[in-house]
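**Student:** Have a peek at data-v5.cif (mmCIF, C-alpha atoms).
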```
data_query
loop_
_atom_site.label_atom_id
_atom_site.label_comp_id
_atom_site.auth_asym_id
_atom_site.auth_seq_id
_atom_site.Cartn_x
_atom_site.Cartn_y
_atom_site.Cartn_z
CA MET A 27 -2.58 -14.09 -38.49
CA VAL A 28 -5.34 -13.66 -35.94
CA THR A 29 -7.26 -10.36 -36.05
CA GLU A 30 -8.69 -8.09 -33.33
CA GLN A 31 -12.19 -8.94 -34.58
CA GLN A 32 -11.55 -12.67 -34.08
CA VAL A 33 -10.30 -12.01 -30.56
CA ALA A 34 -13.41 -9.92 -29.78
CA ARG A 35 -15.67 -12.71 -31.09
CA ALA A 36 -13.86 -15.28 -28.94
CA LEU A 37 -14.46 -13.11 -25.88
CA GLU A 38 -18.22 -13.12 -26.57
CA HIS A 39 -18.24 -16.58 -24.95
CA VAL A 40 -16.72 -15.32 -21.69
CA ARG A 41 -19.30 -14.14 -19.15
CA LEU A 42 -19.04 -12.03 -16.01
CA PRO A 43 -20.00 -13.97 -12.85
CA ALA A 44 -22.24 -11.29 -11.32
CA SER A 45 -24.23 -9.91 -14.25
CA GLY A 46 -23.99 -12.76 -16.76
CA GLN A 47 -22.98 -10.26 -19.43
CA THR A 48 -20.46 -11.32 -22.01
CA LEU A 49 -17.04 -9.77 -21.59
CA ALA A 50 -17.27 -8.31 -25.10
CA ALA A 51 -20.57 -6.55 -24.31
CA SER A 52 -19.68 -5.41 -20.80
CA GLY A 53 -17.67 -2.34 -21.78
CA ARG A 54 -14.71 -3.61 -19.76
CA LEU A 55 -12.38 -4.36 -22.67
CA SER A 56 -10.13 -1.33 -22.58
CA GLU A 57 -7.80 -2.53 -25.34
CA ILE A 58 -7.09 -5.42 -27.70
CA VAL A 59 -3.69 -5.44 -29.39
CA VAL A 60 -2.45 -8.04 -31.89
CA SER A 61 1.26 -8.11 -32.78
CA GLY A 62 2.24 -11.09 -34.91
CA ASP A 63 1.24 -14.18 -32.94
CA LYS A 64 1.00 -12.23 -29.67
CA VAL A 65 -2.38 -11.04 -28.36
CA MET A 66 -2.66 -8.53 -25.52
CA VAL A 67 -5.94 -7.71 -23.79
CA ALA A 68 -6.69 -5.40 -20.85
CA ILE A 69 -9.88 -5.79 -18.78
CA ALA A 70 -10.98 -2.79 -16.70
CA ILE A 71 -12.11 -3.59 -13.16
CA ASP A 72 -12.69 -1.91 -9.84
CA ALA A 73 -9.86 -2.49 -7.39
CA THR A 74 -12.23 -4.40 -5.07
CA GLU A 75 -13.05 -6.94 -7.80
CA ALA A 76 -9.55 -8.32 -8.36
CA ALA A 77 -10.16 -11.73 -6.78
CA ALA A 78 -13.66 -12.15 -8.25
CA MET A 79 -12.51 -11.25 -11.76
CA GLU A 80 -9.47 -13.54 -11.82
CA PRO A 81 -11.56 -16.47 -13.21
CA VAL A 82 -12.77 -14.14 -15.98
CA ARG A 83 -9.17 -13.26 -16.83
CA LEU A 84 -8.25 -16.94 -17.01
CA ALA A 85 -11.33 -17.75 -19.13
CA ALA A 86 -10.47 -14.91 -21.53
CA GLN A 87 -6.91 -16.13 -21.79
CA SER A 88 -8.11 -19.66 -22.53
CA ALA A 89 -10.59 -18.48 -25.18
CA ILE A 90 -7.93 -16.46 -27.01
CA SER A 91 -5.34 -19.25 -26.75
CA GLY A 92 -7.66 -21.53 -28.69
CA LEU A 93 -7.66 -19.30 -31.77
CA PRO A 94 -5.55 -20.43 -34.75
CA GLY A 95 -2.34 -18.46 -35.15
CA VAL A 96 -2.07 -17.37 -31.52
CA GLY A 97 1.32 -18.01 -29.93
CA GLN A 98 1.33 -15.92 -26.74
CA VAL A 99 -1.51 -14.30 -24.80
CA PHE A 100 -1.25 -11.51 -22.23
CA VAL A 101 -4.49 -10.73 -20.37
CA SER A 102 -4.44 -8.24 -17.49
CA LEU A 103 -6.92 -6.81 -15.01
CA THR A 104 -6.42 -3.05 -14.78
CA ALA A 105 -7.88 -0.78 -12.09
CA ASP A 106 -6.00 2.39 -12.95
CA ARG A 107 -8.98 4.24 -14.41
CA PRO A 108 -12.68 4.66 -13.47
CA GLN A 109 -14.80 1.61 -14.16
CA SER A 110 -17.20 1.48 -17.11
CA LYS A 111 -20.80 2.59 -16.51
CA ALA A 112 -21.89 -0.80 -17.84
CA ALA A 113 -20.76 -2.48 -14.67
CA PRO A 114 -20.79 -0.05 -11.74
CA SER A 115 -19.39 -1.06 -8.41
CA PRO A 116 -18.97 0.83 -5.14
CA ARG A 117 -15.44 2.05 -4.52
CA PRO A 118 -14.25 2.07 -0.91
CA GLN A 119 -12.40 5.14 0.25
CA VAL A 120 -9.07 5.20 2.04
CA THR A 121 -9.21 7.08 5.33
CA PRO A 122 -5.83 8.62 6.23
CA GLY A 123 -4.41 7.16 9.42
CA ARG A 124 -6.87 4.27 9.53
CA PRO A 125 -5.56 0.74 8.82
CA GLN A 126 -7.03 -0.75 5.67
CA GLN A 127 -8.14 -4.33 5.11
CA ALA A 128 -5.29 -6.55 3.94
CA PRO A 129 -5.54 -7.87 0.37
CA SER A 130 -6.93 -11.31 -0.28
CA PRO A 131 -4.39 -14.17 -0.41
CA LYS A 132 -4.92 -14.49 -4.18
CA ALA A 133 -3.92 -10.86 -4.69
CA ALA A 134 -1.33 -10.84 -1.95
CA MET A 135 1.17 -13.53 -2.76
CA ILE A 136 3.07 -15.41 -5.41
CA PRO A 137 3.15 -19.06 -4.38
CA GLY A 138 6.49 -19.97 -2.82
CA VAL A 139 7.86 -16.40 -2.80
CA ARG A 140 8.48 -14.96 0.67
CA HIS A 141 9.42 -11.39 -0.25
CA VAL A 142 9.17 -9.26 -3.39
CA ILE A 143 11.33 -6.13 -3.54
CA ALA A 144 11.54 -3.44 -6.22
CA ILE A 145 14.76 -1.82 -7.40
CA ALA A 146 13.66 1.53 -8.75
CA SER A 147 14.86 4.94 -9.87
CA GLY A 148 13.18 8.19 -10.76
CA LYS A 149 15.08 8.43 -14.04
CA GLY A 150 17.06 6.26 -16.44
CA GLY A 151 20.83 6.02 -16.77
CA VAL A 152 21.67 5.79 -13.07
CA GLY A 153 22.71 2.11 -13.08
CA LYS A 154 19.52 0.64 -11.63
CA SER A 155 19.67 -2.64 -13.59
CA THR A 156 23.33 -3.22 -12.73
CA THR A 157 22.45 -2.62 -9.09
CA ALA A 158 19.48 -5.02 -9.26
CA CYS A 159 21.61 -7.74 -10.89
CA ASN A 160 24.47 -7.53 -8.40
CA LEU A 161 22.19 -7.11 -5.38
CA ALA A 162 20.33 -10.29 -6.39
CA LEU A 163 23.63 -12.14 -6.74
CA ALA A 164 24.85 -10.80 -3.39
CA LEU A 165 21.67 -12.02 -1.70
CA ALA A 166 22.14 -15.44 -3.33
CA SER A 167 25.74 -15.60 -2.12
CA GLN A 168 24.42 -15.37 1.44
CA GLY A 169 22.65 -18.70 0.99
CA LEU A 170 19.24 -17.32 0.03
CA LYS A 171 17.04 -18.56 -2.82
CA ILE A 172 16.74 -15.64 -5.21
CA GLY A 173 14.87 -14.82 -8.41
CA ILE A 174 14.95 -11.63 -10.46
CA LEU A 175 12.27 -10.23 -12.79
CA ASP A 176 13.05 -7.69 -15.50
CA ALA A 177 9.98 -5.41 -15.41
CA ASP A 178 11.54 -2.86 -17.77
CA ILE A 179 9.50 -3.89 -20.82
CA TYR A 180 10.82 -1.11 -23.07
CA GLY A 181 14.49 -1.58 -22.20
CA PRO A 182 15.16 -5.07 -20.77
CA SER A 183 18.77 -5.35 -19.54
CA LEU A 184 18.95 -8.55 -17.50
CA PRO A 185 19.61 -10.97 -20.39
CA LYS A 186 22.82 -9.06 -21.19
CA LEU A 187 23.82 -8.53 -17.57
CA PHE A 188 23.48 -12.24 -16.79
CA GLY A 189 24.84 -13.37 -20.17
CA LEU A 190 21.69 -15.41 -20.85
CA HIS A 191 20.16 -16.29 -24.24
CA GLY A 192 17.27 -18.39 -25.47
CA LYS A 193 13.54 -18.58 -24.84
CA PRO A 194 11.87 -19.78 -21.63
CA ARG A 195 10.51 -23.32 -21.75
CA VAL A 196 6.77 -23.92 -21.30
CA ILE A 197 6.46 -26.53 -18.56
CA GLU A 198 2.71 -26.79 -17.97
CA GLY A 199 -0.23 -25.01 -19.56
CA ARG A 200 1.05 -21.46 -19.98
CA THR A 201 3.56 -21.59 -17.12
CA LEU A 202 7.11 -20.69 -18.13
CA ALA A 203 10.33 -21.95 -16.60
CA PRO A 204 12.72 -19.10 -15.76
CA LEU A 205 16.27 -19.19 -17.06
CA GLU A 206 19.07 -19.42 -14.50
CA GLY A 207 22.28 -17.44 -14.26
CA PHE A 208 24.90 -17.82 -11.51
CA GLY A 209 22.36 -19.57 -9.29
CA VAL A 210 19.64 -16.91 -9.69
CA LYS A 211 16.33 -17.54 -11.50
CA VAL A 212 15.83 -14.89 -14.19
CA MET A 213 12.80 -13.83 -16.26
CA SER A 214 12.71 -11.01 -18.80
CA ILE A 215 10.64 -9.99 -21.81
CA GLY A 216 14.05 -9.79 -23.48
CA PHE A 217 14.07 -13.60 -23.67
CA MET A 218 10.91 -13.57 -25.79
CA VAL A 219 11.61 -10.85 -28.34
CA ASP A 220 14.55 -10.11 -30.60
CA GLU A 221 17.11 -7.73 -29.10
CA GLU A 222 16.52 -5.13 -31.83
CA THR A 223 12.71 -5.34 -31.84
CA PRO A 224 11.15 -2.19 -30.34
CA MET A 225 8.42 -2.78 -27.74
CA ILE A 226 5.76 -0.39 -29.03
CA TRP A 227 3.17 -1.20 -26.38
CA ARG A 228 0.70 1.00 -24.57
CA GLY A 229 0.37 1.06 -20.79
CA PRO A 230 -2.20 -1.74 -20.38
CA MET A 231 -0.10 -4.08 -22.48
CA VAL A 232 2.97 -3.35 -20.39
CA MET A 233 0.96 -4.02 -17.26
CA SER A 234 -0.35 -7.28 -18.72
CA ALA A 235 3.13 -8.53 -19.57
CA ILE A 236 4.46 -7.72 -16.09
CA THR A 237 1.51 -9.43 -14.42
CA GLN A 238 1.98 -12.54 -16.53
CA MET A 239 5.71 -12.71 -15.81
CA LEU A 240 4.93 -12.43 -12.10
CA ARG A 241 2.12 -14.96 -11.98
CA GLU A 242 2.80 -17.45 -14.77
CA VAL A 243 6.43 -18.29 -14.11
CA ALA A 244 7.52 -21.32 -12.11
CA TRP A 245 9.56 -19.39 -9.56
CA GLY A 246 9.51 -22.24 -7.06
CA ASP A 247 10.50 -21.49 -3.46
CA LEU A 248 12.25 -18.12 -3.20
CA ASP A 249 13.37 -16.09 -0.23
CA VAL A 250 13.39 -12.93 -2.33
CA LEU A 251 12.14 -12.02 -5.80
CA VAL A 252 14.03 -8.91 -6.94
CA VAL A 253 12.16 -6.80 -9.50
CA ASP A 254 14.18 -4.51 -11.77
CA MET A 255 11.64 -1.73 -12.35
CA PRO A 256 11.58 0.62 -15.32
CA PRO A 257 12.52 4.21 -14.46
CA GLY A 258 9.80 6.60 -13.38
CA THR A 259 6.53 6.34 -11.47
CA GLY A 260 4.03 5.08 -14.05
CA ASP A 261 2.07 2.01 -15.10
CA ALA A 262 4.67 -0.60 -14.20
CA GLN A 263 5.04 0.61 -10.62
CA LEU A 264 1.27 0.77 -10.13
CA THR A 265 0.90 -2.72 -11.59
CA MET A 266 3.47 -4.07 -9.15
CA ALA A 267 1.65 -2.46 -6.23
CA GLN A 268 -1.68 -3.88 -7.41
CA ALA A 269 -0.47 -7.33 -8.44
CA THR A 270 1.48 -8.22 -5.30
CA PRO A 271 2.34 -6.45 -2.03
CA LEU A 272 5.92 -5.30 -2.27
CA ALA A 273 7.94 -5.98 0.87
CA GLY A 274 9.99 -2.89 0.09
CA ALA A 275 11.76 -0.78 -2.49
CA VAL A 276 15.39 0.21 -3.04
CA ILE A 277 15.91 3.58 -4.75
CA VAL A 278 19.01 4.02 -6.94
CA SER A 279 20.37 7.50 -7.68
CA THR A 280 23.56 9.24 -8.67
CA PRO A 281 24.84 12.01 -6.38
CA GLN A 282 23.91 15.09 -8.40
CA ASP A 283 20.82 17.19 -7.70
CA LEU A 284 19.23 16.46 -11.09
CA ALA A 285 19.02 12.73 -10.32
CA LEU A 286 18.05 13.28 -6.69
CA ILE A 287 14.99 15.31 -7.71
CA ASP A 288 13.67 12.25 -9.55
CA ALA A 289 14.72 9.92 -6.73
CA ARG A 290 12.53 11.96 -4.36
CA ARG A 291 9.57 11.32 -6.66
CA GLY A 292 10.27 7.60 -6.49
CA VAL A 293 10.37 7.66 -2.69
CA ALA A 294 7.14 9.69 -2.58
CA MET A 295 5.37 7.30 -4.95
CA PHE A 296 6.23 4.21 -2.92
CA ARG A 297 5.29 5.96 0.31
CA LYS A 298 1.88 6.89 -1.12
CA THR A 299 1.28 3.23 -1.92
CA GLU A 300 2.56 2.34 1.57
CA VAL A 301 5.54 0.34 0.32
CA PRO A 302 8.46 0.51 2.79
CA ILE A 303 11.66 2.12 1.53
CA LEU A 304 14.47 -0.33 2.22
CA GLY A 305 17.08 2.28 1.40
CA ILE A 306 18.79 4.55 -1.10
CA VAL A 307 21.91 3.61 -3.09
CA GLU A 308 24.36 6.22 -4.39
CA ASN A 309 25.61 4.80 -7.69
CA MET A 310 28.56 6.26 -9.66
CA SER A 311 29.51 7.85 -6.36
CA TYR A 312 33.16 8.56 -7.23
CA PHE A 313 35.91 7.53 -9.63
CA ILE A 314 39.42 6.33 -8.78
CA ALA A 315 41.83 6.90 -11.68
CA PRO A 316 43.58 3.56 -12.29
CA ASP A 317 46.87 5.18 -13.33
CA THR A 318 47.26 7.71 -10.51
CA GLY A 319 44.93 6.47 -7.80
CA LYS A 320 43.47 9.97 -7.57
CA ARG A 321 39.80 10.23 -6.66
CA TYR A 322 37.36 12.30 -8.73
CA ASP A 323 33.78 13.10 -7.68
CA ILE A 324 32.49 13.34 -11.25
CA PHE A 325 28.81 13.67 -10.32
CA GLY A 326 29.40 15.23 -6.93
CA HIS A 327 29.43 13.09 -3.82
CA GLY A 328 27.25 12.34 -0.81
CA GLY A 329 24.01 13.67 -2.28
CA ALA A 330 22.14 10.39 -1.88
CA ARG A 331 23.35 9.93 1.70
CA ARG A 332 22.15 13.44 2.59
CA GLU A 333 18.83 12.76 0.87
CA ALA A 334 18.40 9.51 2.79
CA ASP A 335 19.05 11.35 6.05
CA ARG A 336 16.59 14.08 5.08
CA LEU A 337 13.87 11.58 4.17
CA GLY A 338 14.53 9.37 7.17
CA VAL A 339 15.30 6.21 5.17
CA PRO A 340 18.35 3.90 5.33
CA PHE A 341 21.42 4.66 3.23
CA LEU A 342 22.67 1.40 1.71
CA GLY A 343 26.04 2.42 0.33
CA GLU A 344 28.19 4.08 -2.33
CA VAL A 345 29.00 2.23 -5.55
CA PRO A 346 31.98 3.74 -7.42
CA LEU A 347 32.13 4.50 -11.12
CA ASP A 348 34.47 1.70 -12.14
CA MET A 349 35.68 0.41 -15.52
CA ASN A 350 35.99 -3.19 -14.34
CA LEU A 351 32.37 -3.14 -13.12
CA ARG A 352 31.22 -1.72 -16.45
CA GLU A 353 33.22 -4.21 -18.54
CA ARG A 354 31.95 -7.22 -16.60
CA SER A 355 28.37 -5.99 -16.87
CA ASP A 356 28.69 -5.54 -20.64
CA THR A 357 30.05 -9.08 -21.10
CA GLY A 358 27.49 -10.86 -18.93
CA GLN A 359 29.96 -11.56 -16.13
CA PRO A 360 28.50 -9.61 -13.16
CA ILE A 361 31.12 -8.58 -10.68
CA VAL A 362 29.55 -10.13 -7.57
CA ALA A 363 29.57 -13.55 -9.27
CA THR A 364 32.92 -13.36 -11.04
CA GLU A 365 35.03 -11.27 -8.65
CA PRO A 366 33.28 -11.78 -5.29
CA ASP A 367 36.23 -10.69 -3.15
CA GLY A 368 36.82 -7.42 -5.02
CA PRO A 369 36.02 -4.02 -3.46
CA GLN A 370 33.06 -3.37 -5.76
CA ALA A 371 31.47 -6.74 -4.95
CA GLN A 372 31.91 -6.07 -1.24
CA VAL A 373 29.77 -2.92 -1.55
CA TYR A 374 26.91 -5.02 -2.95
CA GLN A 375 27.45 -7.68 -0.28
CA GLU A 376 26.99 -5.12 2.48
CA MET A 377 23.98 -3.71 0.66
CA ALA A 378 22.44 -7.19 0.52
CA ARG A 379 23.12 -7.74 4.21
CA LEU A 380 21.26 -4.55 5.13
CA VAL A 381 18.33 -5.33 2.83
CA TRP A 382 17.94 -8.87 4.15
CA ALA A 383 18.17 -7.64 7.75
CA SER A 384 15.21 -5.35 7.10
CA LEU A 385 13.22 -8.08 5.36
CA ALA A 386 13.93 -10.48 8.23
CA GLY A 387 12.87 -7.85 10.77
CA ASP A 388 16.34 -7.15 12.15
CA GLY A 389 17.09 -3.94 10.25
CA PRO A 390 15.98 -0.30 10.39
CA VAL A 391 12.89 -0.96 8.23
CA LYS A 392 10.25 -3.02 10.02
CA MET A 393 7.96 -5.03 7.75
CA ARG A 394 4.23 -4.96 8.30
CA THR A 395 1.10 -6.50 6.83
CA PRO A 396 0.55 -4.76 3.49
CA PRO A 397 -2.62 -2.60 3.26
CA ARG A 398 -5.19 -2.74 0.51
CA ILE A 399 -4.04 -0.25 -2.11
CA ILE A 400 -6.71 1.82 -3.83
CA PHE A 401 -5.78 4.15 -6.69
CA GLU A 402 -8.10 7.13 -7.17
#
```
Go through the file and emit its structure as structure tokens.
**Tutor:**
Amino acid sequence: MVTEQQVARALEHVRLPASGQTLAASGRLSEIVVSGDKVMVAIAIDATEAAAMEPVRLAAQSAISGLPGVGQVFVSLTADRPQSKAAPSPRPQVTPGRPQQAPSPKAAMIPGVRHVIAIASGKGGVGKSTTACNLALALASQGLKIGILDADIYGPSLPKLFGLHGKPRVIEGRTLAPLEGFGVKVMSIGFMVDEETPMIWRGPMVMSAITQMLREVAWGDLDVLVVDMPPGTGDAQLTMAQATPLAGAVIVSTPQDLALIDARRGVAMFRKTEVPILGIVENMSYFIAPDTGKRYDIFGHGGARREADRLGVPFLGEVPLDMNLRERSDTGQPIVATEPDGPQAQVYQEMARLVWASLAGDGPVKMRTPPRIIFE
């Protein structure tokens, strides 16, 4: 098995373009992690260096790939902490109210992908992944080319939701072919590790894996790439904002105040990074007893709609707490694909219509050129 020392020695042959220093001696290697045949490396940069340092990232990845015993390599550029003194660089400031320079094309786009949207929540257990899965399928049912990325490294759900198994095929170099379920292209870390294997990775490694699944997957031509985010407002969300300009974010919450508190944090985080909020979804909004037809507001009702009104963002709809929806999700038969005319599927269809209208410029959220995002 390859060792950290062998990886560090391999990186002694990679040089920085400006100073000529080796990567190993530059002080920019924030972490090297070896797990079996997987090697994960994070390189610290200033946010303004992303385009210039991309060749260094590729060279580092190539150097590590050539080591015996290496199966997979994740190399990321991270700008979430101050840069090393060994390689100082001026850091531009963001002036409130003043438009910032748009990111370079390399940093701004995934080839062939028109829009990237995040499905996010402030906390876990609110049905975010189920929403992401069915929203992607609803968009596809409207004739759009759709892909979905599982960015929840610690708890990947999309393989189960789509009923997909097996490992992605390498088609060229290190580029992976996504799997396909119900006409949607799907990529998840869950395809590459055993279901019961815990992902004991630190933040930079998570960021590296997400970046690689964004950039080194043959997505082809897509109208929308849906990203199922992990809960919270941490490394994964910052990586998404740095790696590609999000066209917008959908926030999923349940109606009760406890969940809405965390949903507010999610809205605030995306607003601070100037990502448009496409809308809020109230999941588990109510329950209709199948034997009596009586309605129960188990978690309260209408909280997400009121919060959307208060924050001035679109409200996308109410998804009921439903046993059929849960059973189909657990068996890899998502309801939009397998019961498209049912009432639950229709909720997601309307949600998709509103989201696409905003992305196309016909909805309440108007898209704009993404700004350069600087994290202090």
**Student:** Which residues are near A:Ser234? Cut-off 6 Å, all atoms listed in the file, ignore same chain within fewer than 5 positions. Put them as a PDB file with C-alpha atoms, in the coordinates of the input.
**Tutor:**
```
ATOM      1  CA  PHE A 100      -1.250 -11.510 -22.230  1.00  0.00           C
ATOM      2  CA  VAL A 101      -4.490 -10.730 -20.370  1.00  0.00           C
ATOM      3  CA  SER A 102      -4.440  -8.240 -17.490  1.00  0.00           C
TER       4      SER A 102
END
```
**Student:** Could you check the closest approach to A:Ser52 for each of A:Glu38, A:Asp335, A:Asp176, A:Glu308 and tell me which residue wins, using all atoms listed in the file?
**Tutor:**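 Checking each of A:Glu38, A:Asp335, A:Asp176, A:Glu308 against A:Ser52, counting all atoms listed in the file, the winner is A:Glu38.
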**Student:** In Å, rounded to a single decimal, give me how far atom CA of A:Leu175 is from atom CA of A:Glu376.
**Tutor:**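 Taking atom CA of A:Glu376 and atom CA of A:Leu175, their separation equals 21.8 Å.
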**Student:** To verify the selection step, state as a PyMOL selection string which residues the PyMOL selection byres ((chain A and resi 372) around 12) yields on this input.
**Tutor:** chain A and resi 160-161+163-165+167+343-346+361-363+365-371+373-379
**Student:** Kindly export the residues of the current selection with C-alpha atoms, as a compact mmCIF listing (two decimals), in the coordinates of the input.
**Tutor:**
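Listed below is the output, selection-v7.txt:
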```
# COMPACT_ATOMS: atom_id res chain seq x y z
CA ASN A 160 24.47 -7.53 -8.40
CA LEU A 161 22.19 -7.11 -5.38
CA LEU A 163 23.63 -12.14 -6.74
CA ALA A 164 24.85 -10.80 -3.39
CA LEU A 165 21.67 -12.02 -1.70
CA SER A 167 25.74 -15.60 -2.12
CA GLY A 343 26.04 2.42 0.33
CA GLU A 344 28.19 4.08 -2.33
CA VAL A 345 29.00 2.23 -5.55
CA PRO A 346 31.98 3.74 -7.42
CA ILE A 361 31.12 -8.58 -10.68
CA VAL A 362 29.55 -10.13 -7.57
CA ALA A 363 29.57 -13.55 -9.27
CA GLU A 365 35.03 -11.27 -8.65
CA PRO A 366 33.28 -11.78 -5.29
CA ASP A 367 36.23 -10.69 -3.15
CA GLY A 368 36.82 -7.42 -5.02
CA PRO A 369 36.02 -4.02 -3.46
CA GLN A 370 33.06 -3.37 -5.76
CA ALA A 371 31.47 -6.74 -4.95
CA VAL A 373 29.77 -2.92 -1.55
CA TYR A 374 26.91 -5.02 -2.95
CA GLN A 375 27.45 -7.68 -0.28
CA GLU A 376 26.99 -5.12 2.48
CA MET A 377 23.98 -3.71 0.66
CA ALA A 378 22.44 -7.19 0.52
CA ARG A 379 23.12 -7.74 4.21
```
**Student:** Go through stretch 187-255 of chain A and flag each residue having an atom no more than 12 Å from stretch 72-93 of chain A; for those, report the closest pair of atoms plus their distance in Å to one decimal, using all atoms listed in the file, ordered by chain and rising number, as JSON lines.
**Tutor:**
```
{"residue": "A:Gly199", "atom": "CA", "partner": "A:Ser88", "partner_atom": "CA", "distance": 10.0}
{"residue": "A:Arg200", "atom": "CA", "partner": "A:Ser91", "partner_atom": "CA", "distance": 9.6}
{"residue": "A:Ser234", "atom": "CA", "partner": "A:Arg83", "partner_atom": "CA", "distance": 10.8}
{"residue": "A:Thr237", "atom": "CA", "partner": "A:Arg83", "partner_atom": "CA", "distance": 11.6}
{"residue": "A:Gln238", "atom": "CA", "partner": "A:Gln87", "partner_atom": "CA", "distance": 10.9}
{"residue": "A:Arg241", "atom": "CA", "partner": "A:Glu80", "partner_atom": "CA", "distance": 11.7}
{"residue": "A:Glu242", "atom": "CA", "partner": "A:Leu84", "partner_atom": "CA", "distance": 11.3}
```
**Student:** Return as lines of an AutoDock Vina configuration file the box centre and box size in Å, one decimal, for an axis-aligned box around all listed atoms of stretch 291-297 of chain A padded by 5 Å per side.
**Tutor:**
```
center_x = 7.8
center_y = 7.8
center_z = -3.2
size_x = 15.1
size_y = 17.1
size_z = 17.0
```
**Student:** For a test of reading the model, state the distance in Å between atom CA of A:Asp247 and atom CA of A:Val210, rounded to one decimal.
**Tutor:**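 Separation between atom CA of A:Asp247 and atom CA of A:Val210: 12.0 Å.
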**Student:** Taking N, CA and C atoms as the atom set, what does stretch 197-215 of chain A look like once completed, written as a tab-separated table (two decimals), in the coordinates of the input?
**Tutor:**
```tsv
chain	number	residue	atom	x	y	z
A	197	ILE	N	6.40	-25.27	-19.31
A	197	ILE	CA	6.46	-26.53	-18.56
A	197	ILE	C	5.09	-27.12	-18.27
A	198	GLU	N	4.06	-26.29	-18.21
A	198	GLU	CA	2.71	-26.79	-17.97
A	198	GLU	C	1.71	-25.69	-18.30
A	199	GLY	N	0.74	-26.02	-19.17
A	199	GLY	CA	-0.23	-25.01	-19.56
A	199	GLY	C	0.48	-23.82	-20.17
A	200	ARG	N	0.37	-22.67	-19.50
A	200	ARG	CA	1.05	-21.46	-19.98
A	200	ARG	C	2.16	-21.03	-19.02
A	201	THR	N	2.54	-21.91	-18.11
A	201	THR	CA	3.56	-21.59	-17.12
A	201	THR	C	4.95	-21.73	-17.73
A	202	LEU	N	5.76	-20.70	-17.56
A	202	LEU	CA	7.11	-20.69	-18.13
A	202	LEU	C	8.14	-21.03	-17.06
A	203	ALA	N	9.20	-21.69	-17.49
A	203	ALA	CA	10.33	-21.95	-16.60
A	203	ALA	C	11.33	-20.80	-16.75
A	204	PRO	N	11.73	-20.17	-15.65
A	204	PRO	CA	12.72	-19.10	-15.76
A	204	PRO	C	14.07	-19.65	-16.17
A	205	LEU	N	14.88	-18.82	-16.80
A	205	LEU	CA	16.27	-19.19	-17.06
A	205	LEU	C	17.06	-19.01	-15.77
A	206	GLU	N	18.27	-19.54	-15.72
A	206	GLU	CA	19.07	-19.42	-14.50
A	206	GLU	C	20.46	-18.94	-14.84
A	207	GLY	N	20.94	-17.96	-14.09
A	207	GLY	CA	22.28	-17.44	-14.26
A	207	GLY	C	22.97	-17.27	-12.93
A	208	PHE	N	24.10	-17.93	-12.74
A	208	PHE	CA	24.90	-17.82	-11.51
A	208	PHE	C	24.07	-18.16	-10.27
A	209	GLY	N	23.16	-19.13	-10.42
A	209	GLY	CA	22.36	-19.57	-9.29
A	209	GLY	C	21.13	-18.74	-9.01
A	210	VAL	N	20.81	-17.77	-9.86
A	210	VAL	CA	19.64	-16.91	-9.69
A	210	VAL	C	18.65	-17.19	-10.82
A	211	LYS	N	17.37	-17.35	-10.49
A	211	LYS	CA	16.33	-17.54	-11.50
A	211	LYS	C	15.99	-16.19	-12.13
A	212	VAL	N	15.95	-16.16	-13.46
A	212	VAL	CA	15.83	-14.89	-14.19
A	212	VAL	C	14.69	-14.98	-15.20
A	213	MET	N	13.84	-13.94	-15.23
A	213	MET	CA	12.80	-13.83	-16.26
A	213	MET	C	12.80	-12.41	-16.81
A	214	SER	N	12.70	-12.31	-18.14
A	214	SER	CA	12.71	-11.01	-18.80
A	214	SER	C	11.95	-11.11	-20.11
A	215	ILE	N	11.27	-10.04	-20.50
A	215	ILE	CA	10.64	-9.99	-21.81
A	215	ILE	C	11.70	-10.06	-22.90
```
